[in-house]
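Next comes data-v9.txt, with compact mmCIF, C-alpha atoms.
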```
# COMPACT_ATOMS: atom_id res chain seq x y z
CA MET K 21 107.92 -142.64 66.25
CA PRO K 22 108.98 -145.14 63.53
CA VAL K 23 106.97 -145.03 60.33
CA SER K 24 104.45 -147.82 60.02
CA PRO K 25 105.17 -150.22 57.14
CA GLU K 26 101.52 -150.06 56.11
CA THR K 27 99.96 -148.03 53.29
CA ILE K 28 100.00 -144.26 53.07
CA ALA K 29 96.31 -144.29 53.96
CA ASP K 30 97.21 -146.12 57.18
CA ARG K 31 99.94 -143.60 57.92
CA VAL K 32 97.56 -140.69 57.37
CA ALA K 33 95.10 -142.30 59.78
CA LEU K 34 97.85 -142.81 62.37
CA VAL K 35 99.03 -139.21 62.11
CA ARG K 36 95.46 -137.98 62.45
CA GLU K 37 95.06 -140.12 65.57
CA ARG K 38 98.22 -138.59 67.02
CA ILE K 39 96.97 -135.09 66.21
CA GLU K 40 93.60 -135.79 67.82
CA ARG K 41 95.19 -137.27 70.93
CA ALA K 42 97.61 -134.37 71.36
CA ALA K 43 94.86 -131.81 70.86
CA ARG K 44 92.46 -133.44 73.32
CA GLN K 45 95.19 -133.83 75.94
CA SER K 46 95.72 -130.07 75.67
CA GLY K 47 92.02 -129.29 75.94
CA ARG K 48 91.82 -128.27 72.28
CA ASP K 49 89.43 -129.16 69.48
CA PRO K 50 91.29 -131.47 67.05
CA ALA K 51 89.55 -129.65 64.21
CA SER K 52 91.62 -126.57 65.10
CA VAL K 53 94.76 -128.33 63.82
CA THR K 54 95.37 -128.66 60.06
CA LEU K 55 97.62 -131.39 58.73
CA VAL K 56 99.87 -130.12 55.93
CA ALA K 57 101.43 -133.03 54.06
CA VAL K 58 104.98 -132.14 53.03
CA THR K 59 105.33 -133.46 49.49
CA LYS K 60 108.92 -132.34 48.80
CA THR K 61 110.69 -134.84 46.46
CA HIS K 62 107.67 -137.15 46.36
CA PRO K 63 106.08 -138.06 42.99
CA PRO K 64 102.46 -137.38 42.03
CA ALA K 65 101.51 -141.06 42.41
CA LEU K 66 102.29 -141.00 46.14
CA ILE K 67 100.69 -137.60 46.58
CA GLU K 68 97.52 -139.01 44.99
CA GLU K 69 97.39 -141.54 47.82
CA VAL K 70 97.56 -138.80 50.44
CA LEU K 71 94.77 -136.90 48.72
CA ALA K 72 92.69 -140.09 48.50
CA ALA K 73 93.11 -140.44 52.27
CA GLY K 74 91.43 -137.08 52.77
CA VAL K 75 94.35 -134.68 53.12
CA ALA K 76 93.61 -131.43 51.30
CA ASP K 77 96.62 -129.31 52.32
CA LEU K 78 99.98 -129.91 50.65
CA GLY K 79 103.28 -128.22 51.47
CA GLU K 80 106.22 -127.67 49.14
CA ASN K 81 109.64 -126.22 49.93
CA ARG K 82 110.72 -124.99 46.50
CA VAL K 83 108.90 -123.02 43.84
CA GLN K 84 110.52 -124.86 40.94
CA GLU K 85 109.59 -128.33 42.20
CA ALA K 86 106.07 -127.24 43.09
CA ALA K 87 105.26 -125.82 39.66
CA SER K 88 104.79 -129.12 37.82
CA LYS K 89 102.95 -130.71 40.74
CA VAL K 90 100.51 -127.84 41.14
CA GLU K 91 99.74 -127.90 37.41
CA THR K 92 99.29 -131.70 37.43
CA PHE K 93 96.75 -131.65 40.23
CA ARG K 94 94.93 -128.58 38.96
CA GLN K 95 94.43 -130.28 35.59
CA ALA K 96 93.16 -133.36 37.41
CA GLY K 97 90.58 -131.23 39.18
CA HIS K 98 91.80 -131.88 42.72
CA ASP K 99 90.69 -129.43 45.40
CA VAL K 100 94.08 -128.80 47.00
CA ARG K 101 95.36 -125.92 49.10
CA TRP K 102 99.06 -125.42 48.37
CA HIS K 103 101.36 -124.10 51.10
CA LEU K 104 104.86 -122.75 50.48
CA ILE K 105 106.80 -123.76 53.56
CA GLY K 106 110.39 -123.23 52.39
CA HIS K 107 112.51 -120.15 51.86
CA LEU K 108 111.25 -117.94 49.03
CA GLN K 109 113.77 -115.96 47.02
CA ARG K 110 112.48 -112.56 46.01
CA ASN K 111 113.16 -113.23 42.33
CA LYS K 112 110.73 -116.16 42.50
CA ALA K 113 107.92 -114.16 44.11
CA ARG K 114 105.95 -113.62 40.89
CA VAL K 115 105.97 -117.35 40.08
CA ALA K 116 105.03 -118.28 43.66
CA LEU K 117 101.95 -116.08 43.48
CA GLY K 118 100.57 -118.24 40.70
CA LEU K 119 101.17 -121.48 42.58
CA PHE K 120 100.50 -121.13 46.28
CA ASP K 121 97.40 -120.40 48.32
CA VAL K 122 99.36 -119.66 51.50
CA VAL K 123 102.99 -118.65 52.06
CA HIS K 124 104.24 -119.70 55.50
CA SER K 125 107.77 -118.44 55.03
CA VAL K 126 107.64 -114.65 54.69
CA ASP K 127 110.90 -114.07 56.50
CA SER K 128 111.71 -110.39 55.87
CA LEU K 129 110.13 -107.03 55.23
CA ARG K 130 111.80 -106.92 51.80
CA LEU K 131 110.18 -110.19 50.78
CA ALA K 132 106.78 -108.99 52.01
CA GLU K 133 107.14 -105.78 50.02
CA THR K 134 108.14 -107.74 46.92
CA LEU K 135 105.15 -110.07 47.17
CA ASP K 136 102.81 -107.14 47.68
CA ARG K 137 104.22 -105.25 44.69
CA GLN K 138 104.21 -108.30 42.41
CA LEU K 139 100.66 -109.17 43.42
CA ARG K 140 99.41 -105.72 42.54
CA GLU K 141 101.43 -105.45 39.31
CA THR K 142 100.72 -108.90 37.93
CA THR K 143 97.74 -109.50 35.70
CA LEU K 144 96.18 -112.38 37.53
CA SER K 145 95.12 -115.51 35.67
CA ALA K 146 91.49 -116.53 35.31
CA GLU K 147 91.88 -118.76 38.34
CA HIS K 148 92.22 -115.73 40.62
CA VAL K 149 90.01 -112.75 41.18
CA SER K 150 91.26 -109.21 40.85
CA GLY K 151 92.03 -107.64 44.21
CA ARG K 152 93.23 -110.91 45.70
CA ARG K 153 95.07 -110.68 49.00
CA LEU K 154 97.69 -113.33 49.61
CA PRO K 155 97.41 -115.17 52.95
CA ILE K 156 100.83 -115.23 54.60
CA LEU K 157 102.53 -116.21 57.82
CA LEU K 158 105.57 -114.42 59.18
CA GLN K 159 108.50 -116.75 59.78
CA ILE K 160 110.18 -115.90 63.06
CA ASN K 161 113.56 -117.18 64.21
CA VAL K 162 113.12 -117.34 67.98
CA SER K 163 115.77 -120.02 68.52
CA GLY K 164 118.61 -117.78 67.36
CA GLU K 165 120.10 -120.47 65.12
CA ALA K 166 122.20 -118.90 62.39
CA SER K 167 121.06 -121.59 59.93
CA LYS K 168 117.39 -120.62 60.27
CA GLU K 169 115.64 -118.03 58.14
CA GLY K 170 113.14 -115.59 59.56
CA PHE K 171 112.64 -112.27 61.27
CA ALA K 172 115.22 -112.42 64.05
CA LEU K 173 113.92 -112.52 67.60
CA PRO K 174 116.25 -114.81 69.57
CA GLY K 175 114.75 -115.43 72.97
CA GLY K 176 111.26 -114.36 71.96
CA CYS K 177 109.37 -111.60 73.75
CA ALA K 178 112.05 -111.42 76.46
CA ASN K 179 114.33 -109.85 73.85
CA LYS K 180 113.11 -106.27 74.36
CA PRO K 181 115.34 -104.52 71.77
CA GLY K 182 114.58 -107.22 69.22
CA MET K 183 110.87 -106.99 70.01
CA ALA K 184 110.80 -103.25 69.42
CA SER K 185 112.52 -103.68 66.04
CA LEU K 186 110.24 -106.56 65.05
CA LEU K 187 107.10 -104.60 65.90
CA GLY K 188 108.18 -101.79 63.62
CA GLU K 189 108.71 -104.21 60.73
CA ILE K 190 105.46 -106.07 61.36
CA GLU K 191 103.47 -102.85 61.36
CA ARG K 192 104.90 -102.10 57.91
CA VAL K 193 104.04 -105.62 56.67
CA VAL K 194 100.49 -105.41 57.99
CA ALA K 195 100.00 -102.11 56.14
CA LEU K 196 100.74 -103.72 52.74
CA PRO K 197 97.38 -103.91 50.95
CA GLY K 198 98.06 -107.09 48.98
CA LEU K 199 98.96 -109.27 51.96
CA ASP K 200 96.67 -110.93 54.49
CA VAL K 201 98.75 -111.71 57.59
CA ARG K 202 97.26 -114.77 59.28
CA GLY K 203 99.86 -115.66 61.93
CA LEU K 204 103.38 -116.92 62.55
CA MET K 205 105.64 -119.78 61.56
CA THR K 206 108.86 -121.18 63.01
CA ILE K 207 111.22 -124.12 62.65
CA ALA K 208 112.46 -125.66 65.88
CA PRO K 209 116.02 -126.90 66.33
CA LEU K 210 116.66 -130.52 65.34
CA VAL K 211 116.79 -132.41 68.65
CA ASP K 212 116.63 -136.04 69.78
CA ASP K 213 113.96 -135.39 72.42
CA PRO K 214 110.82 -133.58 71.16
CA GLU K 215 110.45 -131.93 74.56
CA LEU K 216 113.61 -129.97 73.84
CA ALA K 217 111.71 -128.22 71.05
CA ARG K 218 109.00 -127.01 73.45
CA PRO K 219 110.72 -123.72 74.41
CA THR K 220 110.84 -122.69 70.74
CA PHE K 221 107.14 -123.43 70.24
CA ARG K 222 106.23 -121.70 73.50
CA MET K 223 108.17 -118.57 72.54
CA LEU K 224 106.31 -118.40 69.22
CA ARG K 225 102.94 -118.77 70.94
CA GLU K 226 103.82 -116.08 73.47
CA LEU K 227 104.91 -113.81 70.64
CA ARG K 228 101.63 -114.44 68.84
CA ASP K 229 99.72 -113.51 72.00
CA GLU K 230 101.74 -110.33 72.41
CA LEU K 231 101.21 -109.35 68.77
CA ALA K 232 97.48 -109.93 69.19
CA ARG K 233 97.57 -107.28 71.90
CA GLN K 234 99.84 -104.82 70.13
CA VAL K 235 98.65 -105.25 66.52
CA PRO K 236 94.94 -106.02 66.98
CA THR K 237 94.05 -105.32 63.34
CA VAL K 238 95.39 -108.81 62.55
CA HIS K 239 93.61 -111.92 63.84
CA TRP K 240 96.88 -113.88 64.39
CA ASN K 241 94.94 -117.15 64.30
CA GLU K 242 97.61 -119.38 62.77
CA LEU K 243 100.72 -120.93 64.28
CA SER K 244 102.65 -123.10 61.82
CA MET K 245 105.04 -125.20 63.87
CA GLY K 246 105.88 -128.83 64.40
CA MET K 247 107.02 -131.58 62.04
CA THR K 248 107.14 -135.38 62.12
CA ASP K 249 109.30 -135.70 65.23
CA ASP K 250 107.76 -132.96 67.36
CA PHE K 251 104.28 -132.02 66.13
CA GLU K 252 102.55 -133.35 69.23
CA VAL K 253 104.58 -131.01 71.45
CA ALA K 254 103.84 -128.19 69.00
CA ILE K 255 100.11 -128.90 69.24
CA SER K 256 100.28 -128.78 73.03
CA GLU K 257 101.80 -125.30 72.65
CA GLY K 258 99.11 -124.08 70.26
CA ALA K 259 100.08 -125.14 66.72
CA THR K 260 97.24 -124.83 64.21
CA LEU K 261 99.25 -126.04 61.19
CA VAL K 262 101.64 -129.00 61.45
CA ARG K 263 103.97 -129.80 58.55
CA VAL K 264 104.39 -133.57 58.31
CA GLY K 265 106.29 -135.48 55.65
CA ARG K 266 108.24 -138.50 56.83
CA ALA K 267 105.45 -139.91 59.01
CA LEU K 268 103.22 -139.99 55.90
CA PHE K 269 105.61 -140.92 53.09
CA GLY K 270 108.48 -142.65 54.88
CA GLU K 271 112.14 -141.80 54.47
CA ARG K 272 113.14 -140.06 51.24
```
Take the structure I supplied and represent it as structure tokens, if you would.
Amino acid sequence: MPVSPETIADRVALVRERIERAARQSGRDPASVTLVAVTKTHPPALIEEVLAAGVADLGENRVQEAASKVETFRQAGHDVRWHLIGHLQRNKARVALGLFDVVHSVDSLRLAETLDRQLRETTLSAEHVSGRRLPILLQINVSGEASKEGFALPGGCANKPGMASLLGEIERVVALPGLDVRGLMTIAPLVDDPELARPTFRMLRELRDELARQVPTVHWNELSMGMTDDFEVAISEGATLVRVGRALFGER
């Protein structure tokens, strides 16, 4: 859908209408879907407009870019929940812990172990309480695209050998005391027709349902999937977090 030429507040309202419509058409409560505004490359002045329109969840792709923004809005007293939605290098884990409230992109056991270790070793700032557990999502590559990060499970649950391997890794992640696994995340292939992304979203939902049966100690409530061009299809397949940038801010 082309971006409206109106204000950012108007765009936020339009995206919320689309979310509500997609949720209701799927028999879901619109309140079960959280809009995460993707603020990558956008300056604080534009982000202020999104916050003024009532969006409280902001997503950043890179730790370095997020650092100054997080500090700016913390000093201004904004109540913002920051989501890391891009690939996290293990050598940036310690910095990320001081910036983000949720990490969507935990894409390997090694990264999970690093976050857990850094969280327990770091002396937390006054803004955090001792014993904090970091909410995370596990990024899963169900599409099989070589360009995508994530725990590899091409084909989803139908991939029996891959499923057995993934379960072993997930059980080790879940056992890490510093991490609070909330659900799954994926990135669908870039396609012209949003319907072509549906199989990817469906495979992630089916995986979530299977994990809920096999690893019941985790609630598996969250599914982070869907962006500007396909979030309505993602919602129809169960998305609880949609990552939207261009429909709010326009082209970069």
Would you work out the distance separating CA of Arg31 in chain K from CA of Leu216 in chain K, expressed in Å to one decimal?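 One can read the CA of Arg31 in chain K to CA of Leu216 in chain K distance as 25.0 Å.
Here the question is which of K:Leu243, K:Leu227, K:Met205, K:Val53 gets nearest to Lys180 in chain K using only C-alpha atoms, and that residue is K:Leu227.
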Anything within 12 Å of (106.9, -104.8, 60.6): list those residues as a PyMOL selection string, counting all atoms listed in the file and sticking to the file's coordinates. chain K and resi 126-133+158+160+171-172+182-196+201+231+234-235
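Shortest separation to Asp213 in chain K among K:Arg140, K:Pro174, K:Asp250, K:Asp121 occurs at residue K:Asp250, atoms counted being only C-alpha atoms.
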Taking all atoms listed in the file into account, name the residue in K:Thr206, K:Gln109, K:Gln45, K:Asn179 that is nearest to Glu242 in chain K. K:Thr206
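Using all atoms listed in the file, the residues found no farther than 7 Å from range 61-70 of chain K, other than those of its own chain fewer than 5 positions away, are Ile28, Ala29, Val75 and Lys89 of chain K.
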Write to file, as a tab-separated table (two decimals), in the coordinates of the input, the residues of the selection just made, with C-alpha atoms.
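Dumped everything to again-v9.tsv:
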```
chain	number	residue	atom	x	y	z
K	28	ILE	CA	100.00	-144.26	53.07
K	29	ALA	CA	96.31	-144.29	53.96
K	75	VAL	CA	94.35	-134.68	53.12
K	89	LYS	CA	102.95	-130.71	40.74
```
With 7 Å as the threshold, what does the neighbourhood of (103.6, -126.5, 55.8) contain in terms of residues, counting all atoms listed in the file? Coordinates are those of the file; answer as JSON, numbers by chain. {"K": [56, 58, 79, 103, 104, 105, 124, 244, 261, 262, 263]}
For each of K:Leu71, K:Glu80, K:Gly198, K:Val115, take the minimum atom-to-atom distance to Val100 in chain K, counting all atoms listed in the file, then give the residue where this is smallest.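 When distances to Val100 in chain K are compared using all atoms listed in the file, the smallest one comes from K:Leu71.
Across the structure, CA of Gly118 in chain K and CA of Leu78 in chain K are spaced 15.3 Å apart.
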Separation of CA of Ala51 in chain K from CA of Ser163 in chain K in Å: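 That distance, rounded to one decimal, is 28.3 Å.
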With all atoms listed in the file as the atoms that count, which of K:Arg110, K:Ile156, K:Arg222, K:Phe120 lies nearest to Gln138 in chain K?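 Ranking K:Arg110, K:Ile156, K:Arg222, K:Phe120 by distance to Gln138 in chain K, first place goes to K:Arg110.
Taking only C-alpha atoms into account, Glu271 in chain K lies nearest to K:Thr59 out of the set K:Glu230, K:Thr59, K:Gly106, K:Ala86.
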Taking the block just given, write range 47-84 of chain K to a file that holds N, CA and C atoms, as a short mmCIF file (atom, residue, chain, number, x, y, z; two decimals), in the first residue's frame.
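What landed in selection.cif:
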```
data_model
loop_
_atom_site.label_atom_id
_atom_site.label_comp_id
_atom_site.auth_asym_id
_atom_site.auth_seq_id
_atom_site.Cartn_x
_atom_site.Cartn_y
_atom_site.Cartn_z
N GLY K 47 -10.58 -13.10 13.49
CA GLY K 47 -11.21 -13.48 14.75
C GLY K 47 -10.33 -13.22 15.96
N ARG K 48 -9.41 -12.27 15.85
CA ARG K 48 -8.49 -11.97 16.93
C ARG K 48 -8.79 -10.61 17.54
N ASP K 49 -8.37 -10.44 18.78
CA ASP K 49 -8.48 -9.15 19.46
C ASP K 49 -7.35 -8.25 18.94
N PRO K 50 -7.66 -7.08 18.37
CA PRO K 50 -6.60 -6.19 17.88
C PRO K 50 -5.57 -5.84 18.96
N ALA K 51 -6.00 -5.86 20.21
CA ALA K 51 -5.07 -5.54 21.31
C ALA K 51 -3.98 -6.59 21.47
N SER K 52 -4.16 -7.74 20.83
CA SER K 52 -3.15 -8.81 20.92
C SER K 52 -1.98 -8.58 19.98
N VAL K 53 -2.06 -7.50 19.16
CA VAL K 53 -1.01 -7.20 18.19
C VAL K 53 -0.34 -5.89 18.58
N THR K 54 0.98 -5.92 18.77
CA THR K 54 1.75 -4.73 19.12
C THR K 54 2.45 -4.17 17.90
N LEU K 55 2.29 -2.89 17.68
CA LEU K 55 2.98 -2.20 16.59
C LEU K 55 4.35 -1.77 17.08
N VAL K 56 5.40 -2.27 16.42
CA VAL K 56 6.77 -1.84 16.70
C VAL K 56 7.21 -0.94 15.55
N ALA K 57 7.43 0.33 15.85
CA ALA K 57 7.85 1.28 14.82
C ALA K 57 9.35 1.14 14.59
N VAL K 58 9.73 0.83 13.35
CA VAL K 58 11.13 0.62 13.02
C VAL K 58 11.76 1.98 12.72
N THR K 59 12.66 2.40 13.60
CA THR K 59 13.20 3.76 13.55
C THR K 59 14.58 3.84 12.91
N LYS K 60 15.04 2.76 12.34
CA LYS K 60 16.36 2.71 11.69
C LYS K 60 16.53 3.88 10.72
N THR K 61 17.61 4.62 10.87
CA THR K 61 18.05 5.77 10.06
C THR K 61 17.20 7.02 10.27
N HIS K 62 16.16 6.96 11.06
CA HIS K 62 15.30 8.12 11.22
C HIS K 62 15.73 8.96 12.43
N PRO K 63 15.70 10.29 12.30
CA PRO K 63 16.19 11.17 13.36
C PRO K 63 15.19 11.29 14.51
N PRO K 64 15.68 11.73 15.68
CA PRO K 64 14.81 11.87 16.84
C PRO K 64 13.57 12.72 16.61
N ALA K 65 13.66 13.76 15.77
CA ALA K 65 12.50 14.63 15.55
C ALA K 65 11.33 13.85 14.96
N LEU K 66 11.60 12.94 14.02
CA LEU K 66 10.53 12.13 13.44
C LEU K 66 10.04 11.09 14.43
N ILE K 67 10.97 10.53 15.19
CA ILE K 67 10.58 9.53 16.18
C ILE K 67 9.67 10.16 17.24
N GLU K 68 9.94 11.41 17.59
CA GLU K 68 9.08 12.14 18.53
C GLU K 68 7.63 12.16 18.04
N GLU K 69 7.45 12.31 16.73
CA GLU K 69 6.10 12.36 16.18
C GLU K 69 5.39 11.01 16.32
N VAL K 70 6.13 9.94 16.16
CA VAL K 70 5.55 8.61 16.34
C VAL K 70 5.15 8.40 17.80
N LEU K 71 6.02 8.81 18.71
CA LEU K 71 5.69 8.69 20.13
C LEU K 71 4.47 9.54 20.49
N ALA K 72 4.40 10.75 19.92
CA ALA K 72 3.26 11.63 20.18
C ALA K 72 1.96 11.04 19.68
N ALA K 73 2.07 10.16 18.67
CA ALA K 73 0.87 9.51 18.12
C ALA K 73 0.48 8.27 18.91
N GLY K 74 1.21 7.99 19.99
CA GLY K 74 0.81 6.91 20.88
C GLY K 74 1.56 5.60 20.73
N VAL K 75 2.57 5.57 19.88
CA VAL K 75 3.37 4.35 19.74
C VAL K 75 4.40 4.32 20.85
N ALA K 76 4.48 3.20 21.56
CA ALA K 76 5.40 3.11 22.69
C ALA K 76 6.51 2.09 22.47
N ASP K 77 6.47 1.38 21.35
CA ASP K 77 7.46 0.33 21.06
C ASP K 77 8.25 0.72 19.83
N LEU K 78 9.58 0.83 19.99
CA LEU K 78 10.45 1.25 18.91
C LEU K 78 11.47 0.15 18.62
N GLY K 79 11.72 -0.10 17.33
CA GLY K 79 12.66 -1.13 16.93
C GLY K 79 13.85 -0.57 16.21
N GLU K 80 15.04 -1.02 16.60
CA GLU K 80 16.28 -0.62 15.95
C GLU K 80 17.03 -1.86 15.46
N ASN K 81 17.76 -1.69 14.35
CA ASN K 81 18.48 -2.81 13.76
C ASN K 81 19.91 -2.93 14.26
N ARG K 82 20.52 -1.81 14.64
CA ARG K 82 21.94 -1.82 14.99
C ARG K 82 22.16 -1.20 16.36
N VAL K 83 23.04 -1.84 17.11
CA VAL K 83 23.35 -1.38 18.46
C VAL K 83 23.94 0.03 18.44
N GLN K 84 24.89 0.26 17.54
CA GLN K 84 25.58 1.55 17.51
C GLN K 84 24.61 2.70 17.23
#
```
